>>> print(open('target10.pdb').read())   # PDB, C-alpha atoms
ATOM      1  CA  GLY A   1      10.196 -13.205 -35.137
ATOM      2  CA  ALA A   2      11.750 -10.392 -37.137
ATOM      3  CA  GLY A   3      10.597  -6.960 -36.040
ATOM      4  CA  LYS A   4       8.609  -8.212 -33.044
ATOM      5  CA  VAL A   5       9.151  -6.986 -29.477
ATOM      6  CA  GLY A   6      10.195  -9.555 -26.886
ATOM      7  CA  TRP A   7      10.000  -9.103 -23.088
ATOM      8  CA  GLU A   8      11.043 -12.033 -20.952
ATOM      9  CA  VAL A   9      13.185 -13.664 -18.288
ATOM     10  CA  ASP A  10      15.801 -15.626 -20.232
ATOM     11  CA  SER A  11      18.666 -17.258 -18.314
ATOM     12  CA  ASP A  12      20.161 -20.719 -17.795
ATOM     13  CA  ALA A  13      17.501 -22.659 -19.731
ATOM     14  CA  ILE A  14      14.729 -20.531 -18.182
ATOM     15  CA  ASP A  15      12.599 -18.597 -20.640
ATOM     16  CA  VAL A  16       9.337 -17.032 -19.449
ATOM     17  CA  GLY A  17       7.721 -14.049 -21.133
ATOM     18  CA  VAL A  18       5.894 -12.662 -24.127
ATOM     19  CA  SER A  19       6.476 -11.278 -27.598
ATOM     20  CA  SER A  20       4.327  -8.910 -29.616
ATOM     21  CA  THR A  21       2.351 -10.089 -32.605
ATOM     22  CA  ALA A  22       2.866  -6.687 -34.227
ATOM     23  CA  THR A  23       6.185  -5.705 -35.787
ATOM     24  CA  VAL A  24       8.003  -2.399 -35.462
ATOM     25  CA  HIS A  25      10.703  -2.648 -38.154
ATOM     26  CA  ASP A  26       9.072  -0.121 -40.477
ATOM     27  CA  GLY A  27      11.744   2.588 -40.451
ATOM     28  CA  ASN A  28       9.853   4.767 -37.938
ATOM     29  CA  TRP A  29      10.539   5.551 -34.293
ATOM     30  CA  HIS A  30       8.371   3.639 -31.811
ATOM     31  CA  HIS A  31       7.797   4.013 -28.077
ATOM     32  CA  ILE A  32       8.282   0.593 -26.475
ATOM     33  CA  VAL A  33       7.490  -0.219 -22.835
ATOM     34  CA  GLY A  34       7.771  -3.532 -21.038
ATOM     35  CA  THR A  35       6.358  -4.016 -17.527
ATOM     36  CA  TRP A  36       6.545  -6.934 -15.115
ATOM     37  CA  ALA A  37       5.284  -7.370 -11.558
ATOM     38  CA  ALA A  38       4.908 -10.397  -9.306
ATOM     39  CA  ALA A  39       4.491 -10.904  -5.579
ATOM     40  CA  SER A  40       7.419 -12.261  -3.605
ATOM     41  CA  GLY A  41       7.374 -16.061  -3.707
ATOM     42  CA  ALA A  42       5.086 -16.192  -6.732
ATOM     43  CA  ALA A  43       5.974 -18.188  -9.806
ATOM     44  CA  VAL A  44       6.993 -16.044 -12.749
ATOM     45  CA  ALA A  45       4.301 -16.355 -15.431
ATOM     46  CA  PRO A  46       3.830 -14.868 -18.919
ATOM     47  CA  SER A  47       0.606 -13.172 -17.752
ATOM     48  CA  GLN A  48       2.717 -10.875 -15.556
ATOM     49  CA  PHE A  49       4.508  -9.409 -18.567
ATOM     50  CA  LYS A  50       3.020  -6.570 -20.604
ATOM     51  CA  ILE A  51       4.273  -4.857 -23.749
ATOM     52  CA  TYR A  52       3.086  -1.426 -24.864
ATOM     53  CA  ILE A  53       3.765  -0.121 -28.363
ATOM     54  CA  ASP A  54       3.189   3.587 -28.997
ATOM     55  CA  GLY A  55       1.133   3.953 -25.837
ATOM     56  CA  ALA A  56      -1.189   0.989 -26.439
ATOM     57  CA  LEU A  57      -1.166  -2.439 -24.798
ATOM     58  CA  ALA A  58       0.095  -4.887 -27.416
ATOM     59  CA  THR A  59      -1.358  -8.264 -28.309
ATOM     60  CA  VAL A  60       1.228 -10.891 -27.396
ATOM     61  CA  THR A  61       2.104 -14.540 -27.696
ATOM     62  CA  THR A  62       3.421 -16.302 -24.597
ATOM     63  CA  GLY A  63       6.258 -18.692 -23.956
ATOM     64  CA  THR A  64       7.364 -20.747 -20.950
ATOM     65  CA  THR A  65      10.449 -22.950 -20.631
ATOM     66  CA  SER A  66      11.220 -24.210 -17.109
ATOM     67  CA  SER A  67      10.302 -21.927 -14.173
ATOM     68  CA  ALA A  68      11.472 -19.090 -11.937
ATOM     69  CA  THR A  69      10.282 -17.509  -8.713
ATOM     70  CA  SER A  70       9.931 -13.841  -7.767
ATOM     71  CA  PRO A  71      12.010 -11.968  -6.740
ATOM     72  CA  LEU A  72      14.504 -12.741  -9.463
ATOM     73  CA  THR A  73      18.006 -13.274  -8.105
ATOM     74  CA  GLY A  74      21.137 -14.822  -9.506
ATOM     75  CA  PHE A  75      20.220 -13.920 -13.065
ATOM     76  CA  ASP A  76      22.212 -11.874 -15.548
ATOM     77  CA  THR A  77      21.752  -8.123 -15.754
ATOM     78  CA  ALA A  78      18.822  -6.637 -17.653
ATOM     79  CA  ARG A  79      19.619  -6.233 -21.328
ATOM     80  CA  ILE A  80      17.896  -4.119 -23.959
ATOM     81  CA  GLY A  81      18.500  -4.901 -27.613
ATOM     82  CA  HIS A  82      21.083  -7.609 -26.882
ATOM     83  CA  HIS A  83      21.019 -11.349 -26.207
ATOM     84  CA  ALA A  84      24.171 -12.352 -24.307
ATOM     85  CA  ALA A  85      24.019 -16.103 -24.983
ATOM     86  CA  TRP A  86      23.313 -15.736 -28.685
ATOM     87  CA  GLY A  87      25.592 -12.751 -29.128
ATOM     88  CA  THR A  88      22.915 -10.945 -31.131
ATOM     89  CA  TYR A  89      22.075  -7.245 -31.173
ATOM     90  CA  LEU A  90      19.135  -5.153 -32.268
ATOM     91  CA  SER A  91      19.564  -3.947 -35.832
ATOM     92  CA  GLY A  92      18.325  -0.437 -35.179
ATOM     93  CA  THR A  93      18.645   2.544 -32.875
ATOM     94  CA  ILE A  94      17.604   2.876 -29.217
ATOM     95  CA  ASP A  95      17.228   6.238 -27.499
ATOM     96  CA  GLU A  96      16.020   7.670 -24.172
ATOM     97  CA  VAL A  97      16.000   4.494 -22.098
ATOM     98  CA  ALA A  98      14.374   4.653 -18.646
ATOM     99  CA  VAL A  99      14.075   2.009 -15.910
ATOM    100  CA  TYR A 100      11.539   2.235 -13.059
ATOM    101  CA  HIS A 101      11.358   0.388  -9.740
ATOM    102  CA  THR A 102       7.566   0.016  -9.959
ATOM    103  CA  GLU A 103       5.247  -1.242 -12.666
ATOM    104  CA  LEU A 104       3.971   1.613 -14.831
ATOM    105  CA  SER A 105       0.199   1.801 -15.218
ATOM    106  CA  ALA A 106      -1.425   1.929 -18.638
ATOM    107  CA  SER A 107      -2.311   5.605 -18.108
ATOM    108  CA  ARG A 108       1.290   6.448 -17.170
ATOM    109  CA  VAL A 109       2.604   4.660 -20.259
ATOM    110  CA  LEU A 110       0.154   6.603 -22.419
ATOM    111  CA  ALA A 111       1.206   9.881 -20.794
ATOM    112  CA  HIS A 112       4.852   9.127 -21.528
ATOM    113  CA  TYR A 113       4.022   8.339 -25.140
ATOM    114  CA  GLN A 114       2.004  11.520 -25.576
ATOM    115  CA  ALA A 115       4.840  13.524 -24.031
ATOM    116  CA  ARG A 116       6.865  12.882 -27.203
ATOM    117  CA  LEU A 117       4.928  15.799 -28.693
ATOM    118  CA  ALA A 118       5.788  18.084 -25.796
ATOM    119  CA  THR A 119       8.122  20.747 -27.129
ATOM    120  CA  ALA A 120       9.279  23.588 -24.946
ATOM    121  CA  CYS A 121       9.004  27.153 -26.211
ATOM    122  CA  TYR A 122      11.166  29.564 -24.208
ATOM    123  CA  SER A 123      11.324  33.333 -24.014
ATOM    124  CA  THR A 124      14.482  35.150 -25.059
ATOM    125  CA  THR A 125      13.798  37.989 -22.615
ATOM    126  CA  ALA A 126      14.770  37.521 -18.984
ATOM    127  CA  LEU A 127      11.869  38.567 -16.768
ATOM    128  CA  ALA A 128      12.768  41.185 -14.162
ATOM    129  CA  ASN A 129      12.121  40.375 -10.523
ATOM    130  CA  GLY A 130       9.324  42.335  -8.880
ATOM    131  CA  THR A 131       7.550  43.335 -12.077
ATOM    132  CA  TRP A 132       4.454  42.021 -13.835
ATOM    133  CA  ALA A 133       4.624  40.601 -17.362
ATOM    134  CA  LEU A 134       1.980  39.387 -19.779
ATOM    135  CA  LEU A 135       2.928  35.876 -20.901
ATOM    136  CA  THR A 136       0.912  34.278 -23.694
ATOM    137  CA  GLY A 137       1.261  30.740 -24.988
ATOM    138  CA  VAL A 138      -0.532  29.803 -28.202
ATOM    139  CA  PHE A 139      -1.058  26.280 -29.509
ATOM    140  CA  SER A 140      -2.418  25.598 -32.983
ATOM    141  CA  SER A 141      -3.205  22.097 -34.227
ATOM    142  CA  ALA A 142      -2.101  23.247 -37.690
ATOM    143  CA  GLY A 143       1.487  22.111 -37.778
ATOM    144  CA  PRO A 144       1.099  21.620 -34.815
ATOM    145  CA  THR A 145       2.655  24.908 -33.703
ATOM    146  CA  LEU A 146       3.617  26.423 -30.362
ATOM    147  CA  GLN A 147       4.176  30.170 -29.912
ATOM    148  CA  PHE A 148       5.226  32.165 -26.883
ATOM    149  CA  TYR A 149       4.769  35.923 -26.397
ATOM    150  CA  VAL A 150       6.200  38.218 -23.720
ATOM    151  CA  ASN A 151       4.382  41.551 -23.283
ATOM    152  CA  GLY A 152       2.806  41.232 -26.719
ATOM    153  CA  SER A 153       6.031  40.375 -28.575
ATOM    154  CA  LEU A 154       6.546  36.976 -30.206
ATOM    155  CA  GLU A 155       9.705  35.351 -28.839
ATOM    156  CA  CYS A 156       9.401  31.702 -29.845
ATOM    157  CA  THR A 157       7.762  29.597 -32.561
ATOM    158  CA  ILE A 158       8.131  25.830 -32.866
ATOM    159  CA  THR A 159       6.394  23.698 -35.475
ATOM    160  CA  ASN A 160       6.435  19.926 -35.039
ATOM    161  CA  SER A 161       5.842  18.989 -38.656
ATOM    162  CA  GLY A 162       4.184  15.672 -39.324
ATOM    163  CA  ALA A 163       3.127  15.081 -35.718
ATOM    164  CA  ALA A 164      -0.483  14.551 -34.749
ATOM    165  CA  TYR A 165      -1.727  15.756 -31.384
ATOM    166  CA  THR A 166      -4.350  13.333 -30.063
ATOM    167  CA  GLY A 167      -5.076  14.888 -26.694
ATOM    168  CA  SER A 168      -3.659  14.421 -23.230
ATOM    169  CA  VAL A 169      -4.587  12.654 -20.027
ATOM    170  CA  ASN A 170      -3.266  15.696 -18.141
ATOM    171  CA  PRO A 171      -5.143  18.942 -17.455
ATOM    172  CA  LEU A 172      -3.832  22.318 -18.563
ATOM    173  CA  ALA A 173      -1.222  23.413 -16.019
ATOM    174  CA  ILE A 174      -0.050  26.980 -15.380
ATOM    175  CA  GLY A 175       2.938  27.476 -13.107
ATOM    176  CA  ALA A 176       3.972  23.822 -12.804
ATOM    177  CA  ALA A 177       4.969  20.884 -14.987
ATOM    178  CA  VAL A 178       2.562  17.926 -15.105
ATOM    179  CA  VAL A 179       3.939  14.640 -16.473
ATOM    180  CA  ALA A 180       2.138  11.996 -14.441
ATOM    181  CA  PRO A 181      -1.664  12.133 -14.853
ATOM    182  CA  ASN A 182      -3.019  15.018 -12.738
ATOM    183  CA  THR A 183       0.168  15.215 -10.654
ATOM    184  CA  PRO A 184       2.348  18.360 -10.685
ATOM    185  CA  THR A 185       6.051  17.514 -10.688
ATOM    186  CA  ALA A 186       7.807  18.445  -7.453
ATOM    187  CA  GLY A 187      10.267  21.300  -7.773
ATOM    188  CA  THR A 188       8.700  22.783 -10.919
ATOM    189  CA  TYR A 189       6.373  25.337  -9.339
ATOM    190  CA  TRP A 190       6.578  28.946 -10.547
ATOM    191  CA  LYS A 191       8.268  31.080  -7.884
ATOM    192  CA  GLY A 192       6.070  34.129  -8.208
ATOM    193  CA  SER A 193       2.482  35.292  -8.570
ATOM    194  CA  VAL A 194       0.015  34.441 -11.318
ATOM    195  CA  GLY A 195      -2.943  36.735 -11.955
ATOM    196  CA  ASP A 196      -5.722  37.116 -14.536
ATOM    197  CA  ALA A 197      -5.146  33.704 -16.134
ATOM    198  CA  ARG A 198      -7.258  33.161 -19.239
ATOM    199  CA  THR A 199      -7.820  30.313 -21.677
ATOM    200  CA  TYR A 200      -9.337  30.540 -25.171
ATOM    201  CA  THR A 201     -11.003  27.997 -27.412
ATOM    202  CA  ASN A 202      -9.123  29.252 -30.457
ATOM    203  CA  ALA A 203      -5.470  30.031 -31.226
ATOM    204  CA  LEU A 204      -4.900  33.763 -30.724
ATOM    205  CA  SER A 205      -3.399  35.708 -33.601
ATOM    206  CA  ALA A 206      -0.435  38.037 -33.092
ATOM    207  CA  GLY A 207      -2.859  40.941 -33.385
ATOM    208  CA  ALA A 208      -5.119  39.565 -30.657
ATOM    209  CA  VAL A 209      -2.146  39.021 -28.341
ATOM    210  CA  GLY A 210      -1.022  42.586 -28.987
ATOM    211  CA  THR A 211      -4.504  43.914 -28.256
ATOM    212  CA  ASN A 212      -4.587  42.063 -24.938
ATOM    213  CA  TYR A 213      -1.248  43.569 -23.996
ATOM    214  CA  SER A 214      -2.276  47.084 -24.989
ATOM    215  CA  ALA A 215      -5.460  46.760 -22.941
ATOM    216  CA  THR A 216      -3.457  45.927 -19.815
ATOM    217  CA  SER A 217      -0.109  47.603 -20.531
ATOM    218  CA  SER A 218      -0.495  50.005 -17.605
ATOM    219  CA  ARG A 219       0.237  47.039 -15.349
ATOM    220  CA  PHE A 220       3.441  46.149 -17.166
ATOM    221  CA  PRO A 221       6.803  47.939 -17.485
TER     222      PRO A 221
END
>>> encode(input="target10.pdb", output="structure tokens")
Amino acid sequence: GAGKVGWEVDSDAIDVGVSSTATVHDGNWHHIVGTWAAASGAAVAPSQFKIYIDGALATVTTGTTSSATSPLTGFDTARIGHHAAWGTYLSGTIDEVAVYHTELSASRVLAHYQARLATACYSTTALANGTWALLTGVFSSAGPTLQFYVNGSLECTITNSGAAYTGSVNPLAIGAAVVAPNTPTAGTYWKGSVGDARTYTNALSAGAVGTNYSATSSRFP
């Protein structure tokens, strides 16, 4: 139906899969994920297909016409937003497509959806090798807003207007990027030393950041 998400094997009179009961044609961006997994030699069944909309497992209706066996071979290429036989296309915009060789778990799908709020705040000052620096990141749910300070000076402010931060399945990470739940991403580790790490239950003001720097400035250039 119009605005619903379909996820299926559809080729040569074979149609096995699911479609969402919810619609997404409301003029807003949506995060859509389809997963499928079946053991080799197993019959392809609608129960193997899952659709996630904005991080949540969607309620679906199922459909089966003829049959197919895993692994799928001899079929057309995977298509997103296009039906080759019908010559139809999605009336909308698709962005940031990703394909994985394994089935994503529900927690991984949720982490990907929550990562849409992740906005990087970078310093404008290049840190000198062999010297200490006081780096302070501040997050405020008002906005929400990210700020980044280097040695007490504000160097970046980003406000993601209209977004709502609902929490994360990942822990706070310092010195590495964490995308998958509780798993630091290889190759993203900070190549240096980290000392005197602190976390606060409130968003620090510019004055508080400056006070922290003044209290420890003897350690910094």
>>> resolve_selection(input="target10.pdb", expression="the PyMOL selection byres ((chain A and resi 18) around 7)", output="PDB file with C-alpha atoms, in the coordinates of the input")
ATOM      1  CA  GLY A   6      10.195  -9.555 -26.886  1.00  0.00           C
ATOM      2  CA  TRP A   7      10.000  -9.103 -23.088  1.00  0.00           C
ATOM      3  CA  GLU A   8      11.043 -12.033 -20.952  1.00  0.00           C
ATOM      4  CA  GLY A  17       7.721 -14.049 -21.133  1.00  0.00           C
ATOM      5  CA  SER A  19       6.476 -11.278 -27.598  1.00  0.00           C
ATOM      6  CA  SER A  20       4.327  -8.910 -29.616  1.00  0.00           C
ATOM      7  CA  PRO A  46       3.830 -14.868 -18.919  1.00  0.00           C
ATOM      8  CA  PHE A  49       4.508  -9.409 -18.567  1.00  0.00           C
ATOM      9  CA  VAL A  60       1.228 -10.891 -27.396  1.00  0.00           C
ATOM     10  CA  THR A  61       2.104 -14.540 -27.696  1.00  0.00           C
ATOM     11  CA  THR A  62       3.421 -16.302 -24.597  1.00  0.00           C
ATOM     12  CA  GLY A  63       6.258 -18.692 -23.956  1.00  0.00           C
TER      13      GLY A  63
END
>>> residues_around(input="target10.pdb", residues="range 28-39 of chain A", least_positions_apart="4", cutoff="6 Å", atoms="only C-alpha atoms", output="PyMOL selection string")
chain A and resi 48-54+103
>>> residues_around(input="target10.pdb", residues="Tyr149 in chain A", least_positions_apart="6", cutoff="7 Å", atoms="all atoms listed in the file", output="list of chain:residue names")
A:Leu135, A:Thr136, A:Gly137, A:Glu155
>>> write_last_selection(input="target10.pdb", atoms="C-alpha atoms", output="PDB file, in the coordinates of the input")
ATOM      1  CA  LEU A 135       2.928  35.876 -20.901  1.00  0.00           C
ATOM      2  CA  THR A 136       0.912  34.278 -23.694  1.00  0.00           C
ATOM      3  CA  GLY A 137       1.261  30.740 -24.988  1.00  0.00           C
ATOM      4  CA  GLU A 155       9.705  35.351 -28.839  1.00  0.00           C
TER       5      GLU A 155
END
>>> resolve_selection(input="target10.pdb", expression="the PyMOL selection byres ((chain A and resi 81) around 10)", output="JSON, numbers by chain")
{"A": [5, 6, 79, 80, 82, 83, 84, 88, 89, 90, 91, 92, 93, 94]}
>>> residues_around(input="target10.pdb", residues="range 208-217 of chain A", least_positions_apart="6", cutoff="7 Å", atoms="only C-alpha atoms", output="tab-separated table (two decimals) with C-alpha atoms, in the coordinates of the input")
chain	number	residue	atom	x	y	z
A	134	LEU	CA	1.98	39.39	-19.78
A	151	ASN	CA	4.38	41.55	-23.28
A	152	GLY	CA	2.81	41.23	-26.72
>>> atom_distance(input="target10.pdb", atom1="CA of Thr183 in chain A", atom2="CA of His112 in chain A")
13.3 Å
>>> resolve_selection(input="target10.pdb", expression="the PyMOL selection byres ((chain A and resi 24) around 7)", output="list in words")
Gly3, Lys4, Ala22, Thr23, His25 and Asp26 of chain A
>>> atom_distance(input="target10.pdb", atom1="CA of Thr77 in chain A", atom2="CA of Val44 in chain A")
17.0 Å
>>> residues_near_point(input="target10.pdb", point="(21.8, -18.7, -17.4)", cutoff="12 Å", atoms="all atoms listed in the file", output="PDB file with C-alpha atoms, keeping the file's coordinate frame")
ATOM      1  CA  VAL A   9      13.185 -13.664 -18.288  1.00  0.00           C
ATOM      2  CA  ASP A  10      15.801 -15.626 -20.232  1.00  0.00           C
ATOM      3  CA  SER A  11      18.666 -17.258 -18.314  1.00  0.00           C
ATOM      4  CA  ASP A  12      20.161 -20.719 -17.795  1.00  0.00           C
ATOM      5  CA  ALA A  13      17.501 -22.659 -19.731  1.00  0.00           C
ATOM      6  CA  ILE A  14      14.729 -20.531 -18.182  1.00  0.00           C
ATOM      7  CA  ASP A  15      12.599 -18.597 -20.640  1.00  0.00           C
ATOM      8  CA  SER A  66      11.220 -24.210 -17.109  1.00  0.00           C
ATOM      9  CA  ALA A  68      11.472 -19.090 -11.937  1.00  0.00           C
ATOM     10  CA  THR A  73      18.006 -13.274  -8.105  1.00  0.00           C
ATOM     11  CA  GLY A  74      21.137 -14.822  -9.506  1.00  0.00           C
ATOM     12  CA  PHE A  75      20.220 -13.920 -13.065  1.00  0.00           C
ATOM     13  CA  ASP A  76      22.212 -11.874 -15.548  1.00  0.00           C
ATOM     14  CA  THR A  77      21.752  -8.123 -15.754  1.00  0.00           C
ATOM     15  CA  HIS A  83      21.019 -11.349 -26.207  1.00  0.00           C
ATOM     16  CA  ALA A  84      24.171 -12.352 -24.307  1.00  0.00           C
ATOM     17  CA  ALA A  85      24.019 -16.103 -24.983  1.00  0.00           C
ATOM     18  CA  TRP A  86      23.313 -15.736 -28.685  1.00  0.00           C
TER      19      TRP A  86
END
>>> residues_around(input="target10.pdb", residues="Asn129 in chain A", least_positions_apart="2", cutoff="12 Å", atoms="only C-alpha atoms", output="VMD selection string")
chain A and resid 126 to 127 131 to 133 191 to 193 221
>>> closest_residue(input="target10.pdb", among="A:Trp190, A:Phe139, A:Ile174, A:Ser123", to="Asn160 in chain A", atoms="only C-alpha atoms")
A:Phe139
>>> atom_distance(input="target10.pdb", atom1="CA of Leu204 in chain A", atom2="CA of Ala173 in chain A")
18.4 Å
>>> axis_aligned_box(input="target10.pdb", around="range 96-100 of chain A", padding_each_side="8 Å", output="lines of an AutoDock Vina configuration file")
center_x = 13.8
center_y = 4.8
center_z = -18.6
size_x = 20.5
size_y = 21.7
size_z = 27.1
